[in-house]
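K.L.:
Got a structure for you, entry-v7.json, holding JSON, C-alpha atoms.
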[["chain", "number", "residue", "atom", "x", "y", "z"],
["A", 2, "MET", "CA", 68.31, 107.27, 30.10],
["A", 3, "ALA", "CA", 68.99, 104.00, 31.92],
["A", 4, "LEU", "CA", 66.25, 102.47, 34.02],
["A", 5, "SER", "CA", 66.90, 102.02, 37.64],
["A", 6, "ASP", "CA", 66.63, 98.63, 39.23],
["A", 7, "ALA", "CA", 63.26, 99.61, 40.62],
["A", 8, "GLY", "CA", 62.03, 100.49, 37.14],
["A", 9, "VAL", "CA", 63.29, 97.26, 35.71],
["A", 10, "GLN", "CA", 61.54, 95.33, 38.45],
["A", 11, "LYS", "CA", 58.35, 97.27, 37.81],
["A", 12, "GLN", "CA", 58.40, 96.43, 34.09],
["A", 13, "ILE", "CA", 59.09, 92.80, 34.84],
["A", 14, "HIS", "CA", 56.11, 92.71, 37.20],
["A", 15, "HIS", "CA", 53.93, 94.32, 34.50],
["A", 16, "MET", "CA", 55.07, 91.77, 31.94],
["A", 17, "MET", "CA", 54.48, 88.87, 34.34],
["A", 18, "ALA", "CA", 51.06, 90.20, 35.23],
["A", 19, "PHE", "CA", 50.19, 90.51, 31.52],
["A", 20, "ILE", "CA", 51.45, 87.01, 30.77],
["A", 21, "GLU", "CA", 49.54, 85.61, 33.73],
["A", 22, "GLN", "CA", 46.38, 87.41, 32.63],
["A", 23, "GLU", "CA", 46.78, 86.07, 29.08],
["A", 24, "ALA", "CA", 47.39, 82.58, 30.45],
["A", 25, "ASN", "CA", 44.31, 82.80, 32.67],
["A", 26, "GLU", "CA", 42.15, 84.05, 29.81],
["A", 27, "LYS", "CA", 43.48, 81.29, 27.57],
["A", 28, "ALA", "CA", 42.85, 78.69, 30.26],
["A", 29, "GLU", "CA", 39.30, 80.00, 30.75],
["A", 30, "GLU", "CA", 38.77, 79.88, 26.99],
["A", 31, "ILE", "CA", 40.05, 76.31, 26.88],
["A", 32, "ASP", "CA", 37.88, 75.34, 29.86],
["A", 33, "ALA", "CA", 34.83, 76.95, 28.25],
["A", 34, "ARG", "CA", 35.47, 75.20, 24.95],
["A", 35, "ALA", "CA", 36.06, 71.89, 26.71],
["A", 36, "GLU", "CA", 32.87, 72.34, 28.74],
["A", 37, "GLU", "CA", 30.95, 73.14, 25.57],
["A", 38, "GLU", "CA", 32.38, 70.12, 23.74],
["A", 39, "PHE", "CA", 31.68, 67.94, 26.77],
["A", 40, "THR", "CA", 28.09, 69.15, 26.90],
["A", 41, "ILE", "CA", 27.66, 68.54, 23.18],
["A", 42, "GLU", "CA", 29.22, 65.09, 23.38],
["A", 43, "LYS", "CA", 27.20, 64.24, 26.48],
["A", 44, "GLY", "CA", 24.04, 65.32, 24.68],
["A", 45, "ARG", "CA", 24.99, 63.27, 21.63],
["A", 46, "LEU", "CA", 25.67, 60.17, 23.73],
["A", 47, "VAL", "CA", 22.46, 60.65, 25.70],
["A", 48, "GLN", "CA", 20.46, 61.03, 22.48],
["A", 49, "GLN", "CA", 22.20, 58.05, 20.91],
["A", 50, "ASN", "CA", 21.51, 55.83, 23.92],
["A", 51, "ARG", "CA", 17.96, 57.16, 24.17],
["A", 52, "LEU", "CA", 17.38, 56.13, 20.54],
["A", 53, "LYS", "CA", 18.91, 52.74, 21.23],
["A", 54, "ILE", "CA", 16.60, 52.27, 24.21],
["A", 55, "ILE", "CA", 13.59, 53.34, 22.12],
["A", 56, "GLU", "CA", 14.59, 50.96, 19.32],
["A", 57, "TYR", "CA", 15.13, 48.16, 21.82],
["A", 58, "TYR", "CA", 11.68, 48.54, 23.37],
["A", 59, "GLU", "CA", 10.05, 49.00, 19.95],
["A", 60, "ARG", "CA", 11.70, 45.77, 18.84],
["A", 61, "LYS", "CA", 10.55, 44.04, 22.03],
["A", 62, "GLU", "CA", 7.04, 45.39, 21.53],
["A", 63, "LYS", "CA", 6.99, 44.05, 17.95],
["A", 64, "GLN", "CA", 8.24, 40.66, 19.17],
["A", 65, "VAL", "CA", 5.52, 40.54, 21.83],
["A", 66, "GLU", "CA", 2.89, 41.53, 19.24],
["A", 67, "LEU", "CA", 4.21, 38.86, 16.86],
["A", 68, "GLN", "CA", 4.08, 36.24, 19.59],
["A", 69, "LYS", "CA", 0.50, 37.27, 20.36],
["A", 70, "LYS", "CA", -0.45, 36.90, 16.68],
["A", 71, "ILE", "CA", 1.30, 33.52, 16.45],
["A", 72, "GLY", "CA", -0.44, 32.36, 19.62],
["A", 73, "ALA", "CA", -3.82, 33.56, 18.36],
["A", 74, "SER", "CA", -3.21, 31.90, 14.98],
["A", 75, "ASN", "CA", -2.20, 28.61, 16.62],
["A", 76, "LEU", "CA", -5.26, 28.72, 18.85],
["A", 77, "LEU", "CA", -7.50, 29.44, 15.85],
["A", 78, "ASN", "CA", -5.93, 26.61, 13.85],
["A", 79, "LYS", "CA", -6.34, 24.25, 16.80],
["A", 80, "SER", "CA", -9.99, 25.23, 17.11],
["A", 81, "ARG", "CA", -10.52, 24.72, 13.38],
["A", 82, "LEU", "CA", -8.88, 21.29, 13.53],
["A", 83, "GLU", "CA", -11.09, 20.33, 16.47],
["A", 84, "VAL", "CA", -14.17, 21.48, 14.55],
["A", 85, "LEU", "CA", -13.06, 19.56, 11.45],
["A", 86, "LYS", "CA", -12.40, 16.47, 13.55],
["A", 87, "ALA", "CA", -15.85, 16.72, 15.10],
["A", 88, "GLN", "CA", -17.38, 17.16, 11.64],
["A", 89, "GLU", "CA", -15.48, 14.15, 10.29],
["A", 90, "ASN", "CA", -16.68, 12.03, 13.21],
["A", 91, "HIS", "CA", -20.24, 13.14, 12.59],
["A", 92, "ILE", "CA", -19.96, 12.37, 8.87],
["A", 93, "ARG", "CA", -18.56, 8.92, 9.68],
["A", 94, "ASN", "CA", -21.53, 8.34, 11.99],
["A", 95, "VAL", "CA", -23.92, 9.41, 9.21],
["A", 96, "LEU", "CA", -22.23, 7.03, 6.76],
["A", 97, "HIS", "CA", -22.30, 4.24, 9.32],
["A", 98, "GLU", "CA", -26.02, 4.86, 9.77],
["A", 99, "ALA", "CA", -26.48, 4.81, 5.98],
["A", 100, "GLN", "CA", -24.59, 1.51, 5.82],
["A", 101, "GLY", "CA", -26.96, 0.10, 8.42],
["A", 102, "LYS", "CA", -29.88, 1.06, 6.18],
["A", 103, "LEU", "CA", -28.24, -0.81, 3.30],
["A", 104, "VAL", "CA", -28.47, -3.98, 5.36],
["A", 105, "ILE", "CA", -32.21, -3.35, 5.73],
["A", 106, "LEU", "CA", -32.47, -2.95, 1.94],
["A", 107, "THR", "CA", -30.96, -6.39, 1.33],
["A", 108, "GLN", "CA", -33.66, -7.91, 3.54],
["A", 109, "ASN", "CA", -36.27, -6.96, 0.93],
["A", 110, "PRO", "CA", -35.79, -9.59, -1.83],
["A", 111, "ASP", "CA", -37.64, -7.73, -4.57],
["A", 112, "ALA", "CA", -35.94, -4.38, -3.97],
["A", 113, "TYR", "CA", -32.53, -6.03, -3.53],
["A", 114, "THR", "CA", -32.98, -8.05, -6.75],
["A", 115, "ARG", "CA", -33.71, -4.86, -8.72],
["A", 116, "LEU", "CA", -30.66, -3.22, -7.16],
["A", 117, "LEU", "CA", -28.43, -6.20, -8.06],
["A", 118, "GLN", "CA", -29.72, -6.07, -11.62],
["A", 119, "ASP", "CA", -28.80, -2.37, -11.88],
["A", 120, "LEU", "CA", -25.36, -2.95, -10.32],
["A", 121, "ILE", "CA", -24.59, -5.83, -12.73],
["A", 122, "CYS", "CA", -25.78, -3.81, -15.75],
["A", 123, "GLN", "CA", -23.71, -0.83, -14.73],
["A", 124, "GLY", "CA", -20.60, -3.00, -14.34],
["A", 125, "LEU", "CA", -21.15, -4.57, -17.77],
["A", 126, "CYS", "CA", -21.48, -1.11, -19.33],
["A", 127, "GLN", "CA", -18.17, -0.11, -17.76],
["A", 128, "LEU", "CA", -16.32, -3.24, -18.86],
["A", 129, "LEU", "CA", -17.88, -3.87, -22.31],
["A", 130, "GLU", "CA", -16.37, -7.36, -22.27],
["A", 131, "PRO", "CA", -17.81, -10.46, -23.99],
["A", 132, "SER", "CA", -17.29, -12.62, -20.91],
["A", 133, "VAL", "CA", -17.39, -11.62, -17.24],
["A", 134, "MET", "CA", -17.06, -13.49, -13.96],
["A", 135, "LEU", "CA", -19.44, -12.33, -11.22],
["A", 136, "ARG", "CA", -18.65, -12.50, -7.51],
["A", 137, "CYS", "CA", -21.22, -12.15, -4.76],
["A", 138, "ARG", "CA", -21.91, -13.30, -1.22],
["A", 139, "ARG", "CA", -22.82, -16.99, -0.95],
["A", 140, "GLN", "CA", -26.18, -16.06, 0.60],
["A", 141, "ASP", "CA", -26.96, -13.79, -2.41],
["A", 142, "GLN", "CA", -26.36, -16.47, -5.07],
["A", 143, "ALA", "CA", -30.03, -17.17, -5.78],
["A", 144, "LEU", "CA", -30.94, -13.47, -6.03],
["A", 145, "VAL", "CA", -27.92, -12.78, -8.27],
["A", 146, "GLU", "CA", -28.90, -15.65, -10.59],
["A", 147, "ARG", "CA", -32.40, -14.14, -10.79],
["A", 148, "SER", "CA", -30.91, -10.69, -11.55],
["A", 149, "ILE", "CA", -28.58, -11.72, -14.39],
["A", 150, "PRO", "CA", -31.16, -12.09, -17.22],
["A", 151, "GLY", "CA", -32.64, -8.65, -16.57],
["A", 152, "ALA", "CA", -29.18, -7.10, -16.30],
["A", 153, "LEU", "CA", -28.12, -8.64, -19.64],
["A", 154, "ALA", "CA", -31.30, -7.37, -21.30],
["A", 155, "SER", "CA", -30.68, -3.85, -19.99],
["A", 156, "PHE", "CA", -27.03, -4.05, -21.06],
["A", 157, "LYS", "CA", -28.00, -5.05, -24.61],
["A", 158, "SER", "CA", -30.56, -2.26, -24.76],
["A", 159, "ILE", "CA", -28.04, 0.35, -23.59],
["A", 160, "ALA", "CA", -24.79, -0.81, -25.24],
["A", 161, "GLY", "CA", -26.10, -2.90, -28.14],
["A", 162, "ARG", "CA", -23.90, -5.80, -27.03],
["A", 163, "THR", "CA", -24.17, -9.14, -25.34],
["A", 164, "SER", "CA", -22.01, -10.69, -22.67],
["A", 165, "LYS", "CA", -21.63, -14.05, -20.96],
["A", 166, "VAL", "CA", -21.90, -13.77, -17.16],
["A", 167, "ASP", "CA", -20.92, -16.60, -14.81],
["A", 168, "ILE", "CA", -21.00, -16.61, -11.02],
["A", 169, "ASP", "CA", -17.64, -17.38, -9.41],
["A", 170, "THR", "CA", -18.56, -20.09, -6.91],
["A", 171, "THR", "CA", -14.99, -20.53, -5.71],
["A", 172, "ASN", "CA", -14.38, -16.94, -4.57],
["A", 173, "TRP", "CA", -17.34, -15.64, -2.61],
["A", 174, "LEU", "CA", -17.44, -12.09, -1.30],
["A", 175, "PRO", "CA", -17.17, -11.85, 2.51],
["A", 176, "ALA", "CA", -20.42, -12.65, 4.26],
["A", 177, "GLU", "CA", -20.02, -9.66, 6.61],
["A", 178, "ILE", "CA", -20.31, -7.03, 3.86],
["A", 179, "CYS", "CA", -23.72, -5.49, 3.16],
["A", 180, "GLY", "CA", -24.06, -6.97, -0.32],
["A", 181, "GLY", "CA", -23.61, -6.12, -3.99],
["A", 182, "VAL", "CA", -21.34, -7.69, -6.58],
["A", 183, "GLU", "CA", -17.89, -7.58, -8.17],
["A", 184, "LEU", "CA", -17.37, -8.06, -11.90],
["A", 185, "VAL", "CA", -14.05, -9.54, -12.98],
["A", 186, "VAL", "CA", -12.53, -10.01, -16.43],
["A", 187, "MET", "CA", -10.70, -13.31, -16.57],
["A", 188, "PRO", "CA", -8.10, -14.68, -16.74],
["A", 189, "GLY", "CA", -6.04, -13.31, -13.89],
["A", 190, "ASN", "CA", -8.51, -10.76, -12.59],
["A", 191, "ARG", "CA", -7.34, -8.54, -15.42],
["A", 192, "ILE", "CA", -9.96, -5.88, -14.73],
["A", 193, "LYS", "CA", -12.27, -5.65, -11.72],
["A", 194, "ILE", "CA", -15.29, -3.46, -11.08],
["A", 195, "SER", "CA", -16.34, -3.34, -7.43],
["A", 196, "ASN", "CA", -20.06, -2.69, -7.16],
["A", 197, "THR", "CA", -20.49, -3.83, -3.60],
["A", 198, "LEU", "CA", -22.86, -1.71, -1.56],
["A", 199, "GLU", "CA", -19.95, -0.46, 0.57],
["A", 200, "ALA", "CA", -17.96, 0.54, -2.53],
["A", 201, "ARG", "CA", -20.95, 2.39, -3.98],
["A", 202, "LEU", "CA", -21.59, 4.15, -0.67],
["A", 203, "ASP", "CA", -17.93, 5.19, -0.41],
["A", 204, "MET", "CA", -17.93, 6.52, -3.97],
["A", 205, "LEU", "CA", -21.17, 8.40, -3.41],
["A", 206, "ALA", "CA", -19.87, 9.80, -0.13],
["A", 207, "GLN", "CA", -16.73, 11.14, -1.84],
["A", 208, "GLN", "CA", -18.73, 12.68, -4.67],
["A", 209, "MET", "CA", -21.30, 14.26, -2.38],
["A", 210, "LEU", "CA", -18.97, 15.17, 0.51],
["A", 211, "PRO", "CA", -19.18, 18.97, -0.10],
["A", 212, "GLU", "CA", -22.99, 18.80, -0.30],
["A", 213, "VAL", "CA", -23.13, 16.59, 2.79],
["A", 214, "ARG", "CA", -20.96, 19.04, 4.71],
["A", 215, "THR", "CA", -23.20, 21.92, 3.67],
["A", 216, "MET", "CA", -26.37, 20.04, 4.64],
["A", 217, "LEU", "CA", -24.96, 19.06, 8.04],
["A", 218, "PHE", "CA", -22.97, 22.14, 9.01],
["A", 219, "GLY", "CA", -24.00, 24.94, 6.64],
["A", 220, "ALA", "CA", -21.90, 26.80, 4.07],
["A", 221, "ASN", "CA", -18.23, 27.40, 4.91],
["A", 222, "PRO", "CA", -17.66, 31.21, 5.00],
["A", 223, "ASN", "CA", -13.93, 30.72, 4.33],
["A", 224, "ARG", "CA", -14.51, 28.80, 1.08],
["A", 225, "LYS", "CA", -14.73, 31.03, -2.00],
["A", 226, "PHE", "CA", -15.48, 28.26, -4.49],
["A", 227, "ASP", "CA", -17.47, 25.06, -4.18],
["A", 228, "ASN", "CA", -15.79, 21.80, -5.12]]
Would you put the structure from the file into structure tokens?
P.N.:
Amino acid sequence: MALSDAGVQKQIHHMMAFIEQEANEKAEEIDARAEEEFTIEKGRLVQQNRLKIIEYYERKEKQVELQKKIGASNLLNKSRLEVLKAQENHIRNVLHEAQGKLVILTQNPDAYTRLLQDLICQGLCQLLEPSVMLRCRRQDQALVERSIPGALASFKSIAGRTSKVDIDTTNWLPAEICGGVELVVMPGNRIKISNTLEARLDMLAQQMLPEVRTMLFGANPNRKFDN
């Protein structure tokens, strides 16, 4: 039985309505999926950028903390250097005061003669040479001449040797030093022992520097071992 034109039109309308409904449902499905993917992607990007921001500020915070530590360390080192400088100045003043007392010692002829005798004997024991040239200040010549016999006797008693000691009257030690002697092995100043009072004070200061620091400033809490 053939459909009338009205029936055909009716079926066409039904088919178009069905197709339109399918298209609308598909479009809604696509829109929903796109919205879901957009939301997911937006969330991912937000989280990613949030993490980047957190990392950025954590890195900045660490940099600020590091700068604080560096600044504190520099300030501490500067303070330590200033303390050390003040200590060195004080030690120099103490040594300068000790040097002034050496001058007073040389003004006592008997005490200074005994000291010269010990200094000459010590130099002879270090050199162990048969002949030595002795240098002193011009103003000490008489006291040095008086000290030589005793020094030679002490040297013989200690080392079991003898030595010939002459005063070098062409090369005096500077008049401005505190005193003492130099012992030289000739020719050519081959070996020289400096037993001037300044040299002995410097040597003693170097040897006793840790003890001097402790006496003046107390024990260093940062030092685990003594020198």
K.L.:
Please identify all polymer residues within 6 Å of region 175-181 of chain A, counting all atoms listed in the file, omitting same-chain residues fewer than 2 positions from it, and present them as a list in words.
P.N.:
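Those residues are Val104, Arg138, Asn196, Thr197 and Leu198 of chain A.
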K.L.:
Starting from 6 Å padding per side, set up an axis-aligned box that covers all listed atoms of region 47-58 of chain A and hand over centre and edge lengths in Å, one decimal, as AutoDock Vina command-line options.
P.N.:
--center_x 17.1 --center_y 54.6 --center_z 22.5 --size_x 22.8 --size_y 24.9 --size_z 18.4
K.L.:
Please measure the separation of CA of Phe156 (chain A) and CA of Cys122 (chain A), giving the value in Å to one decimal.
P.N.:
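Answer for the CA of Phe156 (chain A) to CA of Cys122 (chain A) separation: 5.5 Å.
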K.L.:
Figure out the distance between CA of Glu183 (chain A) and CA of Arg115 (chain A), please, to one decimal in Å.
P.N.:
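These atoms are spaced 16.1 Å apart.
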K.L.:
Please, what distance in Å, to one decimal, runs between CA of Lys165 (chain A) and CA of Leu144 (chain A)?
P.N.:
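Between CA of Lys165 (chain A) and CA of Leu144 (chain A) the gap works out to 17.6 Å.
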